[in-house]
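Below: one structure, written as structure tokens.
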Amino acid sequence: MMTLKDSQNGKKYIIEKSTLKQPVKQRLEALGLIEGTMVRKINEALDGSIIFMVRGTRLAMGKEIAKFIFVRDVTASDTKHKKRSHVIGLKDNSGKNLRDSNGIGHRDVIGIGRKIGVE
Amino acid sequence: MTSTNSNQDKFLNNRNPNTAMKNKMRKAEELNIGFIGNPNSGKTTLFNAYTGAQLKVANWPGVTVEKKEGALRYHNHVHKLVDLPGIYSLTSYSIEEKVSRQYILSDDVDVIVDIADASNLERNLYLTLQLIEIGKPVVLALNMMDIVKERGMEIDLHRLPEMLGIPVIPVSARKKTGLDILMHAVSHHKASEPKSNDVVVYSELIEDKITKIIERLREYNPDIHNPRFYAIKLLENDSEIMGNCPFDVSDIVDRSYETEIINRKYDFIEEVIEEVLVNRQERSELTDKIDNVLTHRILGIPIFLGIMGLVFFLTFTLGDGIKGIFEGWLESFSVWTEDVLLALNAGAILKSLIIDGIITGVGTILTFLPNIAILFLALAFLEDSGYMARVTYVMNGIMNKIGLTGRAFIPMLLGFGCTVPAIMATRTLENVRDRRKTILITPFMSCSAKIPVYVLLSGMFFGKFATLAALSMYIIGLVSGLLIAFAATKIEDKADQLKSPDEKSEVNQLLIELPEYKNPNAYSILIYVWENVKAYLSKAGTTIFLASVVLWFILSFGTTGYVEDMSQSFGAVIGHFLVPALEPAGLGFWQIGVSLISGLAAKEVVVSSMGILFGITSIDSAIGLSAMHQTLGVMGFGALNAYSMMIFVLFYTPCVATLAVTAQELKAAKWTTFLLIFQLTFAWIASVLVYQIGSLFI
């Protein structure tokens, strides 16, 4: 399985699991790095530290943490998956034209209510 | 999961805020408002926008986390604002989180203002949801709405408060918009009715357990406020709350449900984002472009060194220029005072006290001021623009090898200019341990005041190798500093008993948010500079002043009272007393002892003291030098003694000013004393080693 440490710059991945120990594990979970979250690797330093995007935040992380976070490639089904909105910068592939559209279409989507339990 | 008696009632005794309020009967509806939010959410900027420079900076009791308090007049009411440390969640893994959580849960907070970066809503909402769970009034201040707009995004400001169940107010801390409306919302949202705190509903299994725990909590304390928050924390197996729980919950909390609870919160956040955020465009392309250069894997380090070179230049070259002007003024003032005193027929003691004691003391404080002000201007610029976080990342590879954060490079480099601003710069390090370690080794970077000592001694004794001898001080200092940092890290790891290598490497690893780049805000920068300059003047300044006067007294008074001649002073007595101790280092001459003591005022004073004590009038002239060389030679003070003395000067306490700022930064007398003893011992051992080993060969 691939880890975040071996990931490629500019590519998106889905977090599968982490084998980190407490307290670092909890720290990362609080930052939203949980199973099924999409991340986008941005950069890598000479010492193996990495920068990646998660939930709209750029995080820099040492390689000794990154090597315990297992990721997989993004598949087509991920976009339809329940966790679709994890996709960071989902719309930035199309870049400018999105900005032009400036759509307010989502406004009239009626909320699914806030009291929904999981499973 | 068993009860601890001492803290047993701590969290169950939280009274209902309504009764608490009535009990207190605060005058004129005074409100206590806690400002909380993620790091980089613009929380402090917003706080400053309300309070201006009128704030009180203190420490949270018992910890080295800064506490900022300010007052705000709103419609004839005075509200107390408290700026809490920037945190990502209400867990208890860091001191900052513990401090914030305890404060927010206490009766001291009436309303919570949660500041969120609207351009990064997803991550910021996690803390918001935890705050809502507490059950106190929360107002969400959506900061940086201008960035949201710039990026073509929109936030549905009707749907967001609906989904969260709390008021949401768009503000811009930098442009100072929305401030009145936010305060208005705070005033009207204060505890009037119990707030619903079940915005996030968990799975049936967890909700069941929450209900059971709440029942048990109510049984124990019918008045308990925010039981849902405690129940959730117990299910998350939060170590602090668990430890304080007065009864056994192990039948309900059979394992940690933390992952499920976190996942559910993020699921809810995703639902919110889906409905509220229109035209999602979270990534800043500008930041990506800048980062392509500034965090480039090869170019990143040279660019950082270039920026540091500029900071160094501004702080010291420009700073010393201004310092020169200050010194000119002070000199004229000193001459003028002397004339006045002469005219008034003042006695020699009074004259000496005013000129050599007081004016010199004030002068010492002032000489650091330009350096400090310019340095903090530069640091504020780096911090506010978002670059500071990158420094940690860029320098991590190098600094991590000696167990320090990448950012510790900044104070170390500044140490070559002057130790005082360098030690003050350690406050940009987030973690207390990093700060301590950096303060420990920064004085070993030879500051510019040590140059005259190196130049004098190496010039006299090392002939054509003089430059090499002086240069070796820089290298020895740097290498020793790095080795000590390395050793200190090893000792810390041992103290932590991090046995497994994995655990050790994880805990010490880099993990930091890189905020988006933005134009630094002039107002924030000025307040930051002012806060630091004020702190220096009020805390370190007084200590420097007192120490200067004490040093003046030691060197101007002797057993016979006031003495013109330093060789008759108490200093000389101490110098004689030190002879046996300095003997093994080849420095067993009372004049050297006195010079070293006077060097505590400032290192360059060592040179002038030596001149006075050895009776050389013009120590910076060639004739003066050769006369001194001769005098020392007759005494048996040769090249080895000179080198040993250079080593001693390199390692011992740089000056009282560094000691004063060290005390100010470490906020613990224990550590400051330790540092002083460490520096003296280390200098002594190093110079003894040099002299003794050297003697074997010469």
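Each chain of the structure tokens is named A, B, ... in the order shown, its residues numbered from 1; ligands are numbered from 1 in display order.
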Shell around region 28-32 of chain A at 10 Å using only C-alpha atoms, local window under 2 positions removed, as a PDB file with N, CA, C and O atoms, in the first residue's frame:
ATOM      1  N   SER A  18      -4.473   5.170   9.000  1.00  0.00           N
ATOM      2  CA  SER A  18      -3.179   5.569   9.512  1.00  0.00           C
ATOM      3  C   SER A  18      -2.803   4.625  10.643  1.00  0.00           C
ATOM      4  O   SER A  18      -3.658   4.136  11.372  1.00  0.00           O
ATOM      5  N   LEU A  20      -0.600   5.537  12.936  1.00  0.00           N
ATOM      6  CA  LEU A  20       0.088   6.382  13.906  1.00  0.00           C
ATOM      7  C   LEU A  20      -0.409   6.077  15.314  1.00  0.00           C
ATOM      8  O   LEU A  20      -1.474   5.515  15.497  1.00  0.00           O
ATOM      9  N   GLN A  22      -1.186   7.552  19.356  1.00  0.00           N
ATOM     10  CA  GLN A  22      -1.606   8.769  20.042  1.00  0.00           C
ATOM     11  C   GLN A  22      -0.344   9.506  20.454  1.00  0.00           C
ATOM     12  O   GLN A  22       0.659   8.878  20.583  1.00  0.00           O
ATOM     13  N   PRO A  23      -0.282  10.720  20.668  1.00  0.00           N
ATOM     14  CA  PRO A  23      -1.273  11.771  20.477  1.00  0.00           C
ATOM     15  C   PRO A  23      -1.302  12.316  19.052  1.00  0.00           C
ATOM     16  O   PRO A  23      -2.211  13.058  18.709  1.00  0.00           O
ATOM     17  N   VAL A  24      -0.327  11.901  18.238  1.00  0.00           N
ATOM     18  CA  VAL A  24      -0.259  12.463  16.881  1.00  0.00           C
ATOM     19  C   VAL A  24      -1.496  12.078  16.075  1.00  0.00           C
ATOM     20  O   VAL A  24      -2.045  12.875  15.322  1.00  0.00           O
ATOM     21  N   LYS A  25      -1.943  10.841  16.273  1.00  0.00           N
ATOM     22  CA  LYS A  25      -3.113  10.363  15.555  1.00  0.00           C
ATOM     23  C   LYS A  25      -4.327  11.252  15.840  1.00  0.00           C
ATOM     24  O   LYS A  25      -5.021  11.697  14.922  1.00  0.00           O
ATOM     25  N   GLN A  26      -4.546  11.540  17.127  1.00  0.00           N
ATOM     26  CA  GLN A  26      -5.696  12.374  17.491  1.00  0.00           C
ATOM     27  C   GLN A  26      -5.568  13.786  16.944  1.00  0.00           C
ATOM     28  O   GLN A  26      -6.534  14.381  16.500  1.00  0.00           O
ATOM     29  N   ILE A  34      -9.114  12.131   8.309  1.00  0.00           N
ATOM     30  CA  ILE A  34      -9.721  10.875   8.712  1.00  0.00           C
ATOM     31  C   ILE A  34      -9.929  10.015   7.484  1.00  0.00           C
ATOM     32  O   ILE A  34      -9.781  10.482   6.354  1.00  0.00           O
ATOM     33  N   GLU A  35     -10.281   8.807   7.711  1.00  0.00           N
ATOM     34  CA  GLU A  35     -10.472   7.850   6.620  1.00  0.00           C
ATOM     35  C   GLU A  35     -11.446   8.407   5.580  1.00  0.00           C
ATOM     36  O   GLU A  35     -12.489   8.938   5.933  1.00  0.00           O
ATOM     37  N   THR A  37     -10.887  10.875   3.580  1.00  0.00           N
ATOM     38  CA  THR A  37     -10.637  12.279   3.253  1.00  0.00           C
ATOM     39  C   THR A  37      -9.734  12.372   2.033  1.00  0.00           C
ATOM     40  O   THR A  37      -8.782  11.605   1.901  1.00  0.00           O
ATOM     41  N   VAL A  54      -5.450  19.646   2.685  1.00  0.00           N
ATOM     42  CA  VAL A  54      -6.533  18.824   3.197  1.00  0.00           C
ATOM     43  C   VAL A  54      -7.626  19.747   3.699  1.00  0.00           C
ATOM     44  O   VAL A  54      -7.362  20.674   4.457  1.00  0.00           O
ATOM     45  N   ARG A  55      -8.863  19.544   3.217  1.00  0.00           N
ATOM     46  CA  ARG A  55     -10.001  20.367   3.628  1.00  0.00           C
ATOM     47  C   ARG A  55      -9.684  21.857   3.540  1.00  0.00           C
ATOM     48  O   ARG A  55      -9.960  22.616   4.470  1.00  0.00           O
ATOM     49  N   THR A  57      -6.898  23.357   3.796  1.00  0.00           N
ATOM     50  CA  THR A  57      -5.760  23.820   4.581  1.00  0.00           C
ATOM     51  C   THR A  57      -4.478  23.213   4.034  1.00  0.00           C
ATOM     52  O   THR A  57      -4.441  22.037   3.700  1.00  0.00           O
ATOM     53  N   LEU A  59      -1.015  21.825   4.851  1.00  0.00           N
ATOM     54  CA  LEU A  59      -0.282  21.313   6.006  1.00  0.00           C
ATOM     55  C   LEU A  59       1.121  20.898   5.585  1.00  0.00           C
ATOM     56  O   LEU A  59       1.311  20.315   4.523  1.00  0.00           O
ATOM     57  N   ILE A  65       5.852  11.132  10.039  1.00  0.00           N
ATOM     58  CA  ILE A  65       4.400  11.008  10.214  1.00  0.00           C
ATOM     59  C   ILE A  65       3.797  10.510   8.906  1.00  0.00           C
ATOM     60  O   ILE A  65       2.993   9.587   8.888  1.00  0.00           O
ATOM     61  N   HIS A  86     -15.193  15.993   0.336  1.00  0.00           N
ATOM     62  CA  HIS A  86     -13.812  16.026   0.792  1.00  0.00           C
ATOM     63  C   HIS A  86     -12.897  16.552  -0.294  1.00  0.00           C
ATOM     64  O   HIS A  86     -11.797  16.988  -0.031  1.00  0.00           O
TER      65      HIS A  86
ATOM     66  N   TYR B  88      -7.030  24.380  17.289  1.00  0.00           N
ATOM     67  CA  TYR B  88      -7.832  23.708  16.271  1.00  0.00           C
ATOM     68  C   TYR B  88      -8.984  22.920  16.874  1.00  0.00           C
ATOM     69  O   TYR B  88      -9.959  22.640  16.213  1.00  0.00           O
ATOM     70  N   SER B  89      -8.839  22.512  18.116  1.00  0.00           N
ATOM     71  CA  SER B  89      -9.926  21.746  18.713  1.00  0.00           C
ATOM     72  C   SER B  89      -9.876  21.848  20.230  1.00  0.00           C
ATOM     73  O   SER B  89      -8.892  22.301  20.795  1.00  0.00           O
ATOM     74  N   LEU B  90     -10.956  21.411  20.868  1.00  0.00           N
ATOM     75  CA  LEU B  90     -11.046  21.522  22.327  1.00  0.00           C
ATOM     76  C   LEU B  90     -10.588  20.238  23.013  1.00  0.00           C
ATOM     77  O   LEU B  90     -11.172  19.807  23.987  1.00  0.00           O
ATOM     78  N   THR B  91      -9.602  19.608  22.470  1.00  0.00           N
ATOM     79  CA  THR B  91      -9.062  18.421  23.124  1.00  0.00           C
ATOM     80  C   THR B  91      -8.076  18.888  24.194  1.00  0.00           C
ATOM     81  O   THR B  91      -8.002  20.067  24.486  1.00  0.00           O
ATOM     82  N   GLU B 122     -14.400  25.015   6.130  1.00  0.00           N
ATOM     83  CA  GLU B 122     -14.496  23.594   6.452  1.00  0.00           C
ATOM     84  C   GLU B 122     -13.698  23.236   7.700  1.00  0.00           C
ATOM     85  O   GLU B 122     -14.184  22.619   8.628  1.00  0.00           O
ATOM     86  N   ARG B 123     -12.426  23.674   7.720  1.00  0.00           N
ATOM     87  CA  ARG B 123     -11.573  23.324   8.853  1.00  0.00           C
ATOM     88  C   ARG B 123     -11.981  24.092  10.111  1.00  0.00           C
ATOM     89  O   ARG B 123     -11.995  23.566  11.211  1.00  0.00           O
ATOM     90  N   ASN B 124     -12.357  25.359   9.939  1.00  0.00           N
ATOM     91  CA  ASN B 124     -12.705  26.193  11.089  1.00  0.00           C
ATOM     92  C   ASN B 124     -13.995  25.753  11.794  1.00  0.00           C
ATOM     93  O   ASN B 124     -14.152  25.968  12.978  1.00  0.00           O
ATOM     94  N   TYR B 126     -14.950  22.910  12.602  1.00  0.00           N
ATOM     95  CA  TYR B 126     -14.773  21.809  13.545  1.00  0.00           C
ATOM     96  C   TYR B 126     -14.734  22.334  14.986  1.00  0.00           C
ATOM     97  O   TYR B 126     -15.416  21.818  15.870  1.00  0.00           O
ATOM     98  N   LEU B 127     -13.966  23.379  15.192  1.00  0.00           N
ATOM     99  CA  LEU B 127     -13.900  23.997  16.526  1.00  0.00           C
ATOM    100  C   LEU B 127     -15.268  24.587  16.890  1.00  0.00           C
ATOM    101  O   LEU B 127     -15.726  24.466  18.025  1.00  0.00           O
ATOM    102  N   GLU B 258     -13.899   8.212  20.067  1.00  0.00           N
ATOM    103  CA  GLU B 258     -13.417   9.459  19.506  1.00  0.00           C
ATOM    104  C   GLU B 258     -13.503   9.488  17.982  1.00  0.00           C
ATOM    105  O   GLU B 258     -13.974  10.461  17.399  1.00  0.00           O
ATOM    106  N   THR B 259     -13.026   8.430  17.330  1.00  0.00           N
ATOM    107  CA  THR B 259     -13.022   8.424  15.871  1.00  0.00           C
ATOM    108  C   THR B 259     -14.434   8.611  15.312  1.00  0.00           C
ATOM    109  O   THR B 259     -14.642   9.421  14.416  1.00  0.00           O
ATOM    110  N   ILE B 262     -15.522  12.253  15.868  1.00  0.00           N
ATOM    111  CA  ILE B 262     -14.861  13.158  14.930  1.00  0.00           C
ATOM    112  C   ILE B 262     -15.442  12.992  13.528  1.00  0.00           C
ATOM    113  O   ILE B 262     -15.766  13.973  12.849  1.00  0.00           O
ATOM    114  N   ASN B 263     -15.587  11.745  13.104  1.00  0.00           N
ATOM    115  CA  ASN B 263     -16.126  11.496  11.768  1.00  0.00           C
ATOM    116  C   ASN B 263     -17.500  12.111  11.594  1.00  0.00           C
ATOM    117  O   ASN B 263     -17.791  12.713  10.561  1.00  0.00           O
ATOM    118  N   LYS B 265     -18.764  14.641  13.151  1.00  0.00           N
ATOM    119  CA  LYS B 265     -18.678  16.098  13.076  1.00  0.00           C
ATOM    120  C   LYS B 265     -18.273  16.519  11.663  1.00  0.00           C
ATOM    121  O   LYS B 265     -18.824  17.455  11.104  1.00  0.00           O
ATOM    122  N   TYR B 266     -17.288  15.813  11.124  1.00  0.00           N
ATOM    123  CA  TYR B 266     -16.854  16.192   9.772  1.00  0.00           C
ATOM    124  C   TYR B 266     -17.921  15.886   8.728  1.00  0.00           C
ATOM    125  O   TYR B 266     -18.055  16.605   7.747  1.00  0.00           O
ATOM    126  N   LEU B 511       4.703  19.327  12.052  1.00  0.00           N
ATOM    127  CA  LEU B 511       3.285  19.311  11.702  1.00  0.00           C
ATOM    128  C   LEU B 511       2.767  20.721  11.892  1.00  0.00           C
ATOM    129  O   LEU B 511       2.603  21.184  12.994  1.00  0.00           O
ATOM    130  N   GLU B 513       0.474  24.194  10.014  1.00  0.00           N
ATOM    131  CA  GLU B 513      -0.360  24.726   8.943  1.00  0.00           C
ATOM    132  C   GLU B 513       0.416  25.830   8.221  1.00  0.00           C
ATOM    133  O   GLU B 513       1.078  26.650   8.851  1.00  0.00           O
TER     134      GLU B 513
END
Neighbours of chain A in chain B at 8 Å, counting only C-alpha atoms, as a VMD selection string: chain B and resid 88 to 89 93 120 122 to 123 126 151 to 153 156 163 199 to 204 259 262 to 264 266 to 268 270 273 to 276 278 to 283 295 to 298 393 to 394 396 to 397 503 505 to 507 509 to 515
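For Leu142 (chain B), the non-local neighbours within 6 Å, defined as residues at least 4 positions apart in the same chain or in other chains and counting only C-alpha atoms, are Ala116, Ala118, Ile169, Pro170 and Val171 of chain B.
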Include all heavy atoms and write out the residues we just selected as a PDB file, in the first residue's frame.
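Saved as part-v5.pdb:
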ATOM      1  N   ALA B 116     -13.830  32.606  12.756  1.00  0.00           N
ATOM      2  CA  ALA B 116     -13.514  31.605  11.739  1.00  0.00           C
ATOM      3  C   ALA B 116     -13.027  32.294  10.473  1.00  0.00           C
ATOM      4  O   ALA B 116     -13.516  33.360  10.118  1.00  0.00           O
ATOM      5  CB  ALA B 116     -14.741  30.763  11.434  1.00  0.00           C
ATOM      6  N   ALA B 118     -13.395  32.637   6.988  1.00  0.00           N
ATOM      7  CA  ALA B 118     -14.486  32.259   6.088  1.00  0.00           C
ATOM      8  C   ALA B 118     -13.973  31.613   4.806  1.00  0.00           C
ATOM      9  O   ALA B 118     -14.653  30.818   4.177  1.00  0.00           O
ATOM     10  CB  ALA B 118     -15.326  33.489   5.754  1.00  0.00           C
ATOM     11  N   ILE B 169     -22.021  36.366  12.042  1.00  0.00           N
ATOM     12  CA  ILE B 169     -21.814  37.760  11.643  1.00  0.00           C
ATOM     13  C   ILE B 169     -20.579  37.873  10.760  1.00  0.00           C
ATOM     14  O   ILE B 169     -19.482  37.511  11.185  1.00  0.00           O
ATOM     15  CB  ILE B 169     -21.595  38.670  12.884  1.00  0.00           C
ATOM     16  CG1 ILE B 169     -22.639  38.412  13.970  1.00  0.00           C
ATOM     17  CG2 ILE B 169     -21.548  40.137  12.458  1.00  0.00           C
ATOM     18  CD1 ILE B 169     -24.032  38.827  13.632  1.00  0.00           C
ATOM     19  N   PRO B 170     -20.743  38.354   9.518  1.00  0.00           N
ATOM     20  CA  PRO B 170     -19.559  38.548   8.676  1.00  0.00           C
ATOM     21  C   PRO B 170     -18.771  39.772   9.127  1.00  0.00           C
ATOM     22  O   PRO B 170     -19.364  40.820   9.383  1.00  0.00           O
ATOM     23  CB  PRO B 170     -20.148  38.750   7.285  1.00  0.00           C
ATOM     24  CG  PRO B 170     -21.534  39.224   7.512  1.00  0.00           C
ATOM     25  CD  PRO B 170     -21.984  38.702   8.831  1.00  0.00           C
ATOM     26  N   VAL B 171     -17.482  39.634   9.275  1.00  0.00           N
ATOM     27  CA  VAL B 171     -16.646  40.770   9.667  1.00  0.00           C
ATOM     28  C   VAL B 171     -15.373  40.789   8.826  1.00  0.00           C
ATOM     29  O   VAL B 171     -15.040  39.804   8.158  1.00  0.00           O
ATOM     30  CB  VAL B 171     -16.215  40.706  11.154  1.00  0.00           C
ATOM     31  CG1 VAL B 171     -17.403  40.792  12.080  1.00  0.00           C
ATOM     32  CG2 VAL B 171     -15.405  39.458  11.444  1.00  0.00           C
TER      33      VAL B 171
END
Filtered DSSP result for region 107-256 of chain B, state alpha helix (DSSP H), as JSON, numbers by chain: {"B": [121, 122, 123, 124, 125, 126, 127, 128, 129, 130, 131, 132, 133, 134, 145, 146, 147, 148, 149, 150, 159, 160, 161, 162, 163, 164, 179, 180, 181, 182, 183, 184, 185, 186, 187, 188, 189, 204, 205, 206, 207, 208, 209, 210, 211, 212, 213, 214, 215, 216, 217, 218, 219, 220, 227, 228, 229, 230, 231, 232, 233, 234, 235, 239, 240, 241, 242, 243, 244]}
For the selection just defined, write its residues with C-alpha atoms to a file, as an mmCIF file, in the first residue's frame.
data_model
loop_
_atom_site.group_PDB
_atom_site.id
_atom_site.type_symbol
_atom_site.label_atom_id
_atom_site.label_comp_id
_atom_site.auth_asym_id
_atom_site.auth_seq_id
_atom_site.Cartn_x
_atom_site.Cartn_y
_atom_site.Cartn_z
ATOM 1 C CA LEU B 121 -14.735 27.378 6.533
ATOM 2 C CA GLU B 122 -14.496 23.594 6.452
ATOM 3 C CA ARG B 123 -11.573 23.324 8.853
ATOM 4 C CA ASN B 124 -12.705 26.193 11.089
ATOM 5 C CA LEU B 125 -16.174 24.764 11.639
ATOM 6 C CA TYR B 126 -14.773 21.809 13.545
ATOM 7 C CA LEU B 127 -13.900 23.997 16.526
ATOM 8 C CA THR B 128 -17.235 25.798 16.125
ATOM 9 C CA LEU B 129 -19.142 22.548 16.512
ATOM 10 C CA GLN B 130 -17.219 21.706 19.657
ATOM 11 C CA LEU B 131 -17.922 25.147 21.080
ATOM 12 C CA ILE B 132 -21.631 24.793 20.355
ATOM 13 C CA GLU B 133 -21.616 21.502 22.246
ATOM 14 C CA ILE B 134 -20.552 23.345 25.384
ATOM 15 C CA MET B 145 -15.171 37.676 3.947
ATOM 16 C CA ASP B 146 -13.287 39.953 1.558
ATOM 17 C CA ILE B 147 -11.085 37.026 0.530
ATOM 18 C CA VAL B 148 -14.169 34.876 0.010
ATOM 19 C CA LYS B 149 -15.532 37.523 -2.310
ATOM 20 C CA GLU B 150 -12.234 38.015 -4.102
ATOM 21 C CA ARG B 159 -28.624 28.951 5.789
ATOM 22 C CA LEU B 160 -25.403 28.843 7.843
ATOM 23 C CA PRO B 161 -26.887 30.196 11.107
ATOM 24 C CA GLU B 162 -29.944 28.064 10.504
ATOM 25 C CA MET B 163 -27.865 24.916 10.315
ATOM 26 C CA LEU B 164 -25.617 25.826 13.220
ATOM 27 C CA LEU B 179 -17.333 45.185 14.330
ATOM 28 C CA ASP B 180 -20.399 46.993 15.697
ATOM 29 C CA ILE B 181 -22.802 44.370 14.444
ATOM 30 C CA LEU B 182 -20.728 41.636 16.021
ATOM 31 C CA MET B 183 -20.779 43.355 19.411
ATOM 32 C CA HIS B 184 -24.479 43.971 19.004
ATOM 33 C CA ALA B 185 -25.038 40.264 18.392
ATOM 34 C CA VAL B 186 -22.874 39.396 21.372
ATOM 35 C CA SER B 187 -24.865 41.679 23.674
ATOM 36 C CA HIS B 188 -28.166 40.240 22.565
ATOM 37 C CA HIS B 189 -27.104 36.653 22.420
ATOM 38 C CA GLU B 204 -28.025 5.894 18.063
ATOM 39 C CA LEU B 205 -25.423 3.926 19.969
ATOM 40 C CA ILE B 206 -23.491 7.054 20.916
ATOM 41 C CA GLU B 207 -26.594 9.170 21.601
ATOM 42 C CA ASP B 208 -27.800 6.415 23.901
ATOM 43 C CA LYS B 209 -24.575 6.489 25.805
ATOM 44 C CA ILE B 210 -24.624 10.287 25.969
ATOM 45 C CA THR B 211 -28.120 10.170 27.503
ATOM 46 C CA LYS B 212 -26.975 7.614 30.069
ATOM 47 C CA ILE B 213 -23.932 9.611 31.072
ATOM 48 C CA ILE B 214 -25.959 12.813 31.334
ATOM 49 C CA GLU B 215 -28.377 11.037 33.680
ATOM 50 C CA ARG B 216 -25.522 9.949 35.835
ATOM 51 C CA LEU B 217 -23.971 13.425 35.813
ATOM 52 C CA ARG B 218 -27.323 14.955 36.810
ATOM 53 C CA GLU B 219 -27.699 12.453 39.627
ATOM 54 C CA TYR B 220 -24.368 13.548 40.939
ATOM 55 C CA PRO B 227 -23.480 17.878 30.666
ATOM 56 C CA ARG B 228 -23.633 16.973 26.968
ATOM 57 C CA PHE B 229 -20.174 18.387 26.412
ATOM 58 C CA TYR B 230 -18.762 16.351 29.300
ATOM 59 C CA ALA B 231 -20.577 13.239 28.165
ATOM 60 C CA ILE B 232 -19.089 13.558 24.683
ATOM 61 C CA LYS B 233 -15.633 14.201 26.100
ATOM 62 C CA LEU B 234 -15.951 11.112 28.298
ATOM 63 C CA LEU B 235 -16.886 9.067 25.257
ATOM 64 C CA SER B 239 -7.630 12.083 29.519
ATOM 65 C CA GLU B 240 -8.244 15.240 31.547
ATOM 66 C CA ILE B 241 -12.026 14.901 31.805
ATOM 67 C CA MET B 242 -11.681 11.169 32.455
ATOM 68 C CA GLY B 243 -9.264 11.861 35.285
ATOM 69 C CA ASN B 244 -11.657 14.352 36.872
#
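Going from CA of Ile441 (chain B) over to CA of Glu492 (chain B), you cover 15.4 Å.
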